[in-house]
Amino acid sequence: MLTLFCATIGFAQFNDSEVVQLGIFNSSDVNQTGFMNESNVNQVGLANNSDVDQLGVKNDSYVAQLGVSNVSTVEQRGRRNISTVDQAGIGNNSDNYQRGRRNDANVYQRGFLNESDISQFGRRNDADAIQIGALNKAEALQQGRGNDSYALQIGVDNYAGIHQLGRKNTATTLQFGSDNWAVTDQHGRRNDSDLFQLGTGNGSWTGQYGRDNDSDEVQVGLYNYSYTHQRGLGHMSNVVQLGGGNSSVVNQNNGGGL
C-alpha cells in the first residue's frame with residue numbers, strides 16, 4: 001500500500017510541455033512549477049516568440065503562431081486556468097496574465113501588428129479577444145468572479161478597453177471599420193454592456209457602477225460619440241447613432257451603491 005501511495009504522488013507531480021517549431025529563428029521559453037500543468041506551443045515561420053510561465057495546479061496553455069515576428073506571453077498562477085492564443089500574420093502581440101482559479105483567456109489574431117492584453121484576477125472570469133486586420137488593440141482587466149468580456153475587431157486601428165470589477169459583469173464590444181474606440185468600465189454585480197460600432201472614428205465611453213445596470217449602444221457612420229454613466233440599481237440605457245458627428249450623453253443615478 002505504501003509503495004502504491006508513493007507512486008501515485010510521484011505521478012501527480014508531472015507537468016507536461018510540448019514544443020513544435022518549423023522555420024527559422026523561432027523561440028520558445030516554458031517554465032512550469034507545480035502539479036499537472038500543461039503547455040503546448042506550435043510555431044511555424046520566422047522569428048516568432050513565445051513565453052509560457054505556469055505556477056500552480058492543472059493550468060493549461062496553448063499557443064499557435066504562424067508567420068513572422070509574432071509574440072505571445074502567457075503567465076498563469078493558481079488552479080485550472082486556461083489560456084489559448086492563435087496568431088497568424090506579422091508582428092501580432094498577445095499578453096495573457098491570469099491569477100486565481102478557473103479563469104479562461106482566448107486570443108485569436110489575424111493580420112498585422114494587432115495587440116491584445118488580458119489580465120484576470122479571481123475565479124471563473126472569461127475574456128475573449130478576436131482581431132482581424134491591422135493595428136487593432138484590445139485590453140481586458142477583470143477582477144472578481146464570473147466576469148465575462150468579449151472584443152471583436154475587424155478592420156484597422158480600432159481600440160477596445162474593458163475593465164470589470166465585481167461579479168458576473170458582462171461586456172461585449174464589436175468593432176468594424178477603422179479608428180473606432182470604446183472604453184467600458186463596470187464595477188459591481190450583473191452589469192451588462194453591449195456595443196456595436198461600424199464605420200470610422202466612432203467613440204464610446206460606458207461606465208456602470210452598482211447592480212443590474214444595462215447599456216446598449218449602436219454607432220454606424222463617422223465620428224459619432226456616446227457617453228453613458230449609470231450608478232445605482234437597475235438602470236437601462238439604449239443609444240442608436242446613425243450618420244456622422246452625432247453626440248449623446250446619458251447620466252442616470254438613483255443613489256444606490258454596490
# chains A, B, ... in the order shown; residues from 1 in each chain; ligands from 1
$ residues_around --residues "region 211-228 of chain A" --least-positions-apart "2" --cutoff "9 Å" --atoms "only C-alpha atoms" --output "number ranges by chain"
A: 169, 180, 187-209, 230-252, 256-258
$ write_last_selection --atoms "C-alpha atoms" --output "mmCIF file, in the first residue's frame"
data_model
loop_
_atom_site.group_PDB
_atom_site.id
_atom_site.type_symbol
_atom_site.label_atom_id
_atom_site.label_comp_id
_atom_site.auth_asym_id
_atom_site.auth_seq_id
_atom_site.Cartn_x
_atom_site.Cartn_y
_atom_site.Cartn_z
ATOM 1 C CA ASN A 169 -20.486 41.586 -15.124
ATOM 2 C CA ASN A 180 -13.127 53.363 -33.686
ATOM 3 C CA HIS A 187 -17.983 47.860 -11.014
ATOM 4 C CA GLY A 188 -20.479 45.805 -9.076
ATOM 5 C CA ARG A 189 -22.667 42.860 -9.973
ATOM 6 C CA ARG A 190 -24.531 41.765 -13.046
ATOM 7 C CA ASN A 191 -23.943 44.929 -15.035
ATOM 8 C CA ASP A 192 -24.168 44.414 -18.799
ATOM 9 C CA SER A 193 -22.755 46.452 -21.671
ATOM 10 C CA ASP A 194 -23.196 45.748 -25.393
ATOM 11 C CA LEU A 195 -21.623 47.964 -28.047
ATOM 12 C CA PHE A 196 -21.639 47.808 -31.848
ATOM 13 C CA GLN A 197 -19.536 50.173 -33.963
ATOM 14 C CA LEU A 198 -19.432 50.253 -37.771
ATOM 15 C CA GLY A 199 -17.568 52.937 -39.641
ATOM 16 C CA THR A 200 -14.737 55.307 -38.888
ATOM 17 C CA GLY A 201 -13.795 57.337 -35.843
ATOM 18 C CA ASN A 202 -16.750 56.425 -33.641
ATOM 19 C CA GLY A 203 -16.135 56.733 -29.907
ATOM 20 C CA SER A 204 -17.869 55.349 -26.823
ATOM 21 C CA TRP A 205 -17.315 55.578 -23.088
ATOM 22 C CA THR A 206 -19.530 53.479 -20.814
ATOM 23 C CA GLY A 207 -19.330 53.418 -17.030
ATOM 24 C CA GLN A 208 -21.707 51.392 -14.853
ATOM 25 C CA TYR A 209 -21.392 51.201 -11.087
ATOM 26 C CA GLN A 230 -25.081 54.783 -14.732
ATOM 27 C CA ARG A 231 -24.755 54.469 -10.988
ATOM 28 C CA GLY A 232 -27.006 52.548 -8.652
ATOM 29 C CA LEU A 233 -29.524 49.811 -9.322
ATOM 30 C CA GLY A 234 -31.376 48.659 -12.405
ATOM 31 C CA HIS A 235 -30.775 51.498 -14.864
ATOM 32 C CA MET A 236 -31.193 50.898 -18.590
ATOM 33 C CA SER A 237 -29.791 52.931 -21.481
ATOM 34 C CA ASN A 238 -30.252 52.445 -25.247
ATOM 35 C CA VAL A 239 -28.357 54.635 -27.702
ATOM 36 C CA VAL A 240 -28.543 54.405 -31.502
ATOM 37 C CA GLN A 241 -26.469 56.752 -33.658
ATOM 38 C CA LEU A 242 -26.660 56.652 -37.459
ATOM 39 C CA GLY A 243 -24.774 59.112 -39.607
ATOM 40 C CA GLY A 244 -21.927 61.443 -38.774
ATOM 41 C CA GLY A 245 -20.922 63.676 -35.919
ATOM 42 C CA ASN A 246 -23.748 62.758 -33.566
ATOM 43 C CA SER A 247 -23.193 63.155 -29.815
ATOM 44 C CA SER A 248 -25.022 61.586 -26.878
ATOM 45 C CA VAL A 249 -24.622 61.942 -23.096
ATOM 46 C CA VAL A 250 -26.582 59.768 -20.652
ATOM 47 C CA ASN A 251 -26.358 60.129 -16.858
ATOM 48 C CA GLN A 252 -28.551 58.045 -14.531
ATOM 49 C CA GLY A 256 -27.723 53.174 -4.882
ATOM 50 C CA GLY A 257 -24.422 51.522 -4.150
ATOM 51 C CA LEU A 258 -22.907 48.134 -4.660
#
$ residues_around --residues "Glu38 (chain A)" --least-positions-apart "3" --cutoff "7 Å" --atoms "only C-alpha atoms" --output "VMD selection string"
chain A and resid 15 to 17 58 to 61
$ write_last_selection --atoms "C-alpha atoms" --output "tab-separated table (two decimals), in the first residue's frame"
chain	number	residue	atom	x	y	z
A	15	ASN	CA	4.00	18.76	-15.66
A	16	ASP	CA	3.68	18.39	-19.43
A	17	SER	CA	5.27	20.63	-22.08
A	58	LYS	CA	-3.65	21.92	-13.66
A	59	ASN	CA	-3.15	25.14	-15.58
A	60	ASP	CA	-3.42	24.72	-19.36
A	61	SER	CA	-1.84	26.82	-22.10
$ residues_around --residues "Tyr62 (chain A)" --least-positions-apart "6" --cutoff "12 Å" --atoms "only C-alpha atoms" --output "ChimeraX atom specification"
/A:16-20,30,37-43,50-54,72-75,81-87,96,104-108
$ write_last_selection --atoms "C-alpha atoms" --output "PDB file, in the first residue's frame"
ATOM      1  CA  ASP A  16       3.685  18.393 -19.432  1.00  0.00           C
ATOM      2  CA  SER A  17       5.270  20.631 -22.080  1.00  0.00           C
ATOM      3  CA  GLU A  18       5.315  20.148 -25.848  1.00  0.00           C
ATOM      4  CA  VAL A  19       7.026  22.485 -28.321  1.00  0.00           C
ATOM      5  CA  VAL A  20       6.970  22.135 -32.121  1.00  0.00           C
ATOM      6  CA  VAL A  30       8.374  27.340 -20.993  1.00  0.00           C
ATOM      7  CA  ASN A  37       0.321  21.849 -15.642  1.00  0.00           C
ATOM      8  CA  GLU A  38       0.181  21.506 -19.422  1.00  0.00           C
ATOM      9  CA  SER A  39       1.685  23.638 -22.181  1.00  0.00           C
ATOM     10  CA  ASN A  40       1.569  23.238 -25.970  1.00  0.00           C
ATOM     11  CA  VAL A  41       3.476  25.559 -28.321  1.00  0.00           C
ATOM     12  CA  ASN A  42       3.425  25.348 -32.132  1.00  0.00           C
ATOM     13  CA  GLN A  43       5.435  27.832 -34.169  1.00  0.00           C
ATOM     14  CA  SER A  50       6.512  32.645 -27.038  1.00  0.00           C
ATOM     15  CA  ASP A  51       6.959  32.699 -23.270  1.00  0.00           C
ATOM     16  CA  VAL A  52       4.851  30.480 -21.007  1.00  0.00           C
ATOM     17  CA  ASP A  53       5.062  30.583 -17.202  1.00  0.00           C
ATOM     18  CA  GLN A  54       2.774  28.381 -15.115  1.00  0.00           C
ATOM     19  CA  SER A  72       2.926  35.665 -27.120  1.00  0.00           C
ATOM     20  CA  THR A  73       3.356  35.826 -23.352  1.00  0.00           C
ATOM     21  CA  VAL A  74       1.314  33.641 -21.002  1.00  0.00           C
ATOM     22  CA  GLU A  75       1.562  33.683 -17.209  1.00  0.00           C
ATOM     23  CA  ASN A  81      -6.629  28.418 -15.546  1.00  0.00           C
ATOM     24  CA  ILE A  82      -6.792  28.100 -19.336  1.00  0.00           C
ATOM     25  CA  SER A  83      -5.108  30.276 -21.948  1.00  0.00           C
ATOM     26  CA  THR A  84      -5.404  29.859 -25.720  1.00  0.00           C
ATOM     27  CA  VAL A  85      -3.535  32.025 -28.231  1.00  0.00           C
ATOM     28  CA  ASP A  86      -3.797  31.656 -32.016  1.00  0.00           C
ATOM     29  CA  GLN A  87      -1.766  34.109 -34.095  1.00  0.00           C
ATOM     30  CA  ASN A  96      -2.307  36.847 -21.070  1.00  0.00           C
ATOM     31  CA  ASP A 104     -10.199  31.442 -19.199  1.00  0.00           C
ATOM     32  CA  ALA A 105      -8.473  33.696 -21.764  1.00  0.00           C
ATOM     33  CA  ASN A 106      -8.747  33.257 -25.533  1.00  0.00           C
ATOM     34  CA  VAL A 107      -6.972  35.302 -28.216  1.00  0.00           C
ATOM     35  CA  TYR A 108      -7.339  34.974 -31.990  1.00  0.00           C
TER      36      TYR A 108
END
$ residues_around --residues "Gly67 (chain A)" --least-positions-apart "6" --cutoff "10 Å" --atoms "only C-alpha atoms" --output "VMD selection string"
chain A and resid 23 43 to 48 87 to 92 110 to 112
$ select_by_dssp --residues "region 10-236 of chain A" --states "strand (DSSP E)" --output "PyMOL selection string"
chain A and resi 16-24+27-35+38-46+49-57+60-68+71-79+82-90+93-101+104-112+115-123+126-134+137-145+148-156+159-167+170-178+181-189+192-200+203-211+214-222+225-233+236
$ closest_residue --among "A:Asn158, A:Ser94, A:Gln164, A:Asn31" --to "Asp117 (chain A)" --atoms "only C-alpha atoms"
A:Ser94
$ atom_distance --atom1 "CA of Gly133 (chain A)" --atom2 "CA of Ile154 (chain A)"
5.8 Å
$ select_by_dssp --residues "region 7-166 of chain A" --states "alpha helix (DSSP H)" --output "PDB file with C-alpha atoms, in the first residue's frame"
ATOM      1  CA  ALA A   7       3.824   6.067  -6.937  1.00  0.00           C
ATOM      2  CA  THR A   8       0.547   7.979  -7.116  1.00  0.00           C
ATOM      3  CA  ILE A   9       2.059  11.101  -5.563  1.00  0.00           C
ATOM      4  CA  GLY A  10       5.004  10.962  -7.918  1.00  0.00           C
ATOM      5  CA  PHE A  11       2.763  10.771 -10.961  1.00  0.00           C
ATOM      6  CA  ALA A  12       0.654  13.713  -9.779  1.00  0.00           C
TER       7      ALA A  12
END
$ atom_distance --atom1 "CA of Asn49 (chain A)" --atom2 "CA of Leu113 (chain A)"
14.2 Å
$ closest_residue --among "A:Arg123, A:Arg145, A:Gln109, A:Asn136" --to "Val63 (chain A)" --atoms "only C-alpha atoms"
A:Gln109
$ atom_distance --atom1 "CA of Gln186 (chain A)" --atom2 "CA of Ile130 (chain A)"
21.0 Å
$ decode --residues "region 186-231 of chain A" --atoms "N, CA and C atoms" --output "PDB file, in the first residue's frame"
ATOM      1  N   GLN A 186     -16.954  48.759 -15.570  1.00  0.00           N
ATOM      2  CA  GLN A 186     -18.090  48.298 -14.790  1.00  0.00           C
ATOM      3  C   GLN A 186     -17.633  47.773 -13.436  1.00  0.00           C
ATOM      4  N   HIS A 187     -18.280  48.278 -12.381  1.00  0.00           N
ATOM      5  CA  HIS A 187     -17.983  47.860 -11.014  1.00  0.00           C
ATOM      6  C   HIS A 187     -19.291  47.426 -10.362  1.00  0.00           C
ATOM      7  N   GLY A 188     -19.290  46.251  -9.779  1.00  0.00           N
ATOM      8  CA  GLY A 188     -20.479  45.805  -9.076  1.00  0.00           C
ATOM      9  C   GLY A 188     -20.861  44.396  -9.464  1.00  0.00           C
ATOM     10  N   ARG A 189     -22.171  44.197  -9.649  1.00  0.00           N
ATOM     11  CA  ARG A 189     -22.667  42.860  -9.973  1.00  0.00           C
ATOM     12  C   ARG A 189     -23.714  42.912 -11.085  1.00  0.00           C
ATOM     13  N   ARG A 190     -23.561  41.992 -11.976  1.00  0.00           N
ATOM     14  CA  ARG A 190     -24.531  41.765 -13.046  1.00  0.00           C
ATOM     15  C   ARG A 190     -24.810  43.002 -13.902  1.00  0.00           C
ATOM     16  N   ASN A 191     -23.819  43.851 -14.059  1.00  0.00           N
ATOM     17  CA  ASN A 191     -23.943  44.929 -15.035  1.00  0.00           C
ATOM     18  C   ASN A 191     -23.656  44.364 -16.426  1.00  0.00           C
ATOM     19  N   ASP A 192     -24.316  44.929 -17.444  1.00  0.00           N
ATOM     20  CA  ASP A 192     -24.168  44.414 -18.799  1.00  0.00           C
ATOM     21  C   ASP A 192     -24.014  45.554 -19.795  1.00  0.00           C
ATOM     22  N   SER A 193     -22.991  45.451 -20.633  1.00  0.00           N
ATOM     23  CA  SER A 193     -22.755  46.452 -21.671  1.00  0.00           C
ATOM     24  C   SER A 193     -22.579  45.765 -23.011  1.00  0.00           C
ATOM     25  N   ASP A 194     -23.311  46.264 -24.027  1.00  0.00           N
ATOM     26  CA  ASP A 194     -23.196  45.748 -25.393  1.00  0.00           C
ATOM     27  C   ASP A 194     -23.022  46.926 -26.347  1.00  0.00           C
ATOM     28  N   LEU A 195     -21.962  46.859 -27.154  1.00  0.00           N
ATOM     29  CA  LEU A 195     -21.623  47.964 -28.047  1.00  0.00           C
ATOM     30  C   LEU A 195     -21.321  47.448 -29.444  1.00  0.00           C
ATOM     31  N   PHE A 196     -21.895  48.128 -30.449  1.00  0.00           N
ATOM     32  CA  PHE A 196     -21.639  47.808 -31.848  1.00  0.00           C
ATOM     33  C   PHE A 196     -21.202  49.073 -32.569  1.00  0.00           C
ATOM     34  N   GLN A 197     -20.042  49.033 -33.210  1.00  0.00           N
ATOM     35  CA  GLN A 197     -19.536  50.173 -33.963  1.00  0.00           C
ATOM     36  C   GLN A 197     -19.208  49.744 -35.392  1.00  0.00           C
ATOM     37  N   LEU A 198     -19.709  50.508 -36.365  1.00  0.00           N
ATOM     38  CA  LEU A 198     -19.432  50.253 -37.771  1.00  0.00           C
ATOM     39  C   LEU A 198     -19.139  51.575 -38.450  1.00  0.00           C
ATOM     40  N   GLY A 199     -17.931  51.704 -38.969  1.00  0.00           N
ATOM     41  CA  GLY A 199     -17.568  52.937 -39.641  1.00  0.00           C
ATOM     42  C   GLY A 199     -16.172  53.392 -39.279  1.00  0.00           C
ATOM     43  N   THR A 200     -16.043  54.711 -39.144  1.00  0.00           N
ATOM     44  CA  THR A 200     -14.737  55.307 -38.888  1.00  0.00           C
ATOM     45  C   THR A 200     -14.829  56.361 -37.796  1.00  0.00           C
ATOM     46  N   GLY A 201     -13.937  56.284 -36.838  1.00  0.00           N
ATOM     47  CA  GLY A 201     -13.795  57.337 -35.843  1.00  0.00           C
ATOM     48  C   GLY A 201     -14.903  57.436 -34.829  1.00  0.00           C
ATOM     49  N   ASN A 202     -15.721  56.405 -34.676  1.00  0.00           N
ATOM     50  CA  ASN A 202     -16.750  56.425 -33.641  1.00  0.00           C
ATOM     51  C   ASN A 202     -16.120  56.194 -32.270  1.00  0.00           C
ATOM     52  N   GLY A 203     -16.688  56.845 -31.246  1.00  0.00           N
ATOM     53  CA  GLY A 203     -16.135  56.733 -29.907  1.00  0.00           C
ATOM     54  C   GLY A 203     -17.214  56.506 -28.863  1.00  0.00           C
ATOM     55  N   SER A 204     -16.891  55.643 -27.879  1.00  0.00           N
ATOM     56  CA  SER A 204     -17.869  55.349 -26.823  1.00  0.00           C
ATOM     57  C   SER A 204     -17.168  55.184 -25.488  1.00  0.00           C
ATOM     58  N   TRP A 205     -17.761  55.805 -24.465  1.00  0.00           N
ATOM     59  CA  TRP A 205     -17.315  55.578 -23.088  1.00  0.00           C
ATOM     60  C   TRP A 205     -18.532  55.164 -22.278  1.00  0.00           C
ATOM     61  N   THR A 206     -18.435  53.996 -21.631  1.00  0.00           N
ATOM     62  CA  THR A 206     -19.530  53.479 -20.814  1.00  0.00           C
ATOM     63  C   THR A 206     -19.030  53.146 -19.426  1.00  0.00           C
ATOM     64  N   GLY A 207     -19.670  53.714 -18.412  1.00  0.00           N
ATOM     65  CA  GLY A 207     -19.330  53.418 -17.030  1.00  0.00           C
ATOM     66  C   GLY A 207     -20.585  53.022 -16.263  1.00  0.00           C
ATOM     67  N   GLN A 208     -20.569  51.859 -15.642  1.00  0.00           N
ATOM     68  CA  GLN A 208     -21.707  51.392 -14.853  1.00  0.00           C
ATOM     69  C   GLN A 208     -21.214  50.909 -13.497  1.00  0.00           C
ATOM     70  N   TYR A 209     -21.859  51.446 -12.436  1.00  0.00           N
ATOM     71  CA  TYR A 209     -21.392  51.201 -11.087  1.00  0.00           C
ATOM     72  C   TYR A 209     -22.589  50.874 -10.211  1.00  0.00           C
ATOM     73  N   GLY A 210     -22.664  49.629  -9.777  1.00  0.00           N
ATOM     74  CA  GLY A 210     -23.791  49.203  -8.972  1.00  0.00           C
ATOM     75  C   GLY A 210     -24.210  47.799  -9.345  1.00  0.00           C
ATOM     76  N   ARG A 211     -25.523  47.610  -9.488  1.00  0.00           N
ATOM     77  CA  ARG A 211     -26.043  46.284  -9.796  1.00  0.00           C
ATOM     78  C   ARG A 211     -27.109  46.335 -10.889  1.00  0.00           C
ATOM     79  N   ASP A 212     -27.062  45.338 -11.752  1.00  0.00           N
ATOM     80  CA  ASP A 212     -28.120  45.108 -12.738  1.00  0.00           C
ATOM     81  C   ASP A 212     -28.373  46.298 -13.652  1.00  0.00           C
ATOM     82  N   ASN A 213     -27.330  47.047 -13.941  1.00  0.00           N
ATOM     83  CA  ASN A 213     -27.462  48.117 -14.924  1.00  0.00           C
ATOM     84  C   ASN A 213     -27.208  47.553 -16.321  1.00  0.00           C
ATOM     85  N   ASP A 214     -27.840  48.169 -17.335  1.00  0.00           N
ATOM     86  CA  ASP A 214     -27.737  47.661 -18.695  1.00  0.00           C
ATOM     87  C   ASP A 214     -27.533  48.810 -19.678  1.00  0.00           C
ATOM     88  N   SER A 215     -26.542  48.650 -20.552  1.00  0.00           N
ATOM     89  CA  SER A 215     -26.278  49.655 -21.577  1.00  0.00           C
ATOM     90  C   SER A 215     -26.140  48.982 -22.937  1.00  0.00           C
ATOM     91  N   ASP A 216     -26.896  49.505 -23.926  1.00  0.00           N
ATOM     92  CA  ASP A 216     -26.826  49.006 -25.301  1.00  0.00           C
ATOM     93  C   ASP A 216     -26.573  50.190 -26.229  1.00  0.00           C
ATOM     94  N   GLU A 217     -25.550  50.060 -27.086  1.00  0.00           N
ATOM     95  CA  GLU A 217     -25.189  51.162 -27.975  1.00  0.00           C
ATOM     96  C   GLU A 217     -24.928  50.645 -29.390  1.00  0.00           C
ATOM     97  N   VAL A 218     -25.411  51.406 -30.369  1.00  0.00           N
ATOM     98  CA  VAL A 218     -25.143  51.126 -31.773  1.00  0.00           C
ATOM     99  C   VAL A 218     -24.665  52.421 -32.426  1.00  0.00           C
ATOM    100  N   GLN A 219     -23.504  52.354 -33.038  1.00  0.00           N
ATOM    101  CA  GLN A 219     -22.956  53.504 -33.745  1.00  0.00           C
ATOM    102  C   GLN A 219     -22.593  53.078 -35.168  1.00  0.00           C
ATOM    103  N   VAL A 220     -23.242  53.699 -36.147  1.00  0.00           N
ATOM    104  CA  VAL A 220     -22.982  53.388 -37.549  1.00  0.00           C
ATOM    105  C   VAL A 220     -22.736  54.692 -38.286  1.00  0.00           C
ATOM    106  N   GLY A 221     -21.538  54.861 -38.808  1.00  0.00           N
ATOM    107  CA  GLY A 221     -21.222  56.074 -39.537  1.00  0.00           C
ATOM    108  C   GLY A 221     -19.838  56.593 -39.221  1.00  0.00           C
ATOM    109  N   LEU A 222     -19.768  57.933 -39.100  1.00  0.00           N
ATOM    110  CA  LEU A 222     -18.481  58.595 -38.944  1.00  0.00           C
ATOM    111  C   LEU A 222     -18.473  59.502 -37.723  1.00  0.00           C
ATOM    112  N   TYR A 223     -17.508  59.324 -36.863  1.00  0.00           N
ATOM    113  CA  TYR A 223     -17.212  60.250 -35.766  1.00  0.00           C
ATOM    114  C   TYR A 223     -18.414  60.546 -34.873  1.00  0.00           C
ATOM    115  N   ASN A 224     -19.201  59.528 -34.599  1.00  0.00           N
ATOM    116  CA  ASN A 224     -20.232  59.648 -33.582  1.00  0.00           C
ATOM    117  C   ASN A 224     -19.603  59.446 -32.199  1.00  0.00           C
ATOM    118  N   TYR A 225     -20.228  60.064 -31.178  1.00  0.00           N
ATOM    119  CA  TYR A 225     -19.682  59.956 -29.818  1.00  0.00           C
ATOM    120  C   TYR A 225     -20.809  59.688 -28.837  1.00  0.00           C
ATOM    121  N   SER A 226     -20.562  58.743 -27.928  1.00  0.00           N
ATOM    122  CA  SER A 226     -21.552  58.403 -26.908  1.00  0.00           C
ATOM    123  C   SER A 226     -20.889  58.290 -25.548  1.00  0.00           C
ATOM    124  N   TYR A 227     -21.536  58.910 -24.552  1.00  0.00           N
ATOM    125  CA  TYR A 227     -21.080  58.838 -23.162  1.00  0.00           C
ATOM    126  C   TYR A 227     -22.241  58.342 -22.311  1.00  0.00           C
ATOM    127  N   THR A 228     -22.034  57.240 -21.600  1.00  0.00           N
ATOM    128  CA  THR A 228     -23.072  56.681 -20.741  1.00  0.00           C
ATOM    129  C   THR A 228     -22.519  56.437 -19.351  1.00  0.00           C
ATOM    130  N   HIS A 229     -23.208  57.005 -18.349  1.00  0.00           N
ATOM    131  CA  HIS A 229     -22.787  56.833 -16.960  1.00  0.00           C
ATOM    132  C   HIS A 229     -24.005  56.446 -16.133  1.00  0.00           C
ATOM    133  N   GLN A 230     -23.966  55.258 -15.551  1.00  0.00           N
ATOM    134  CA  GLN A 230     -25.081  54.783 -14.732  1.00  0.00           C
ATOM    135  C   GLN A 230     -24.561  54.299 -13.386  1.00  0.00           C
ATOM    136  N   ARG A 231     -25.193  54.814 -12.334  1.00  0.00           N
ATOM    137  CA  ARG A 231     -24.755  54.469 -10.988  1.00  0.00           C
ATOM    138  C   ARG A 231     -25.969  54.120 -10.135  1.00  0.00           C
TER     139      ARG A 231
END
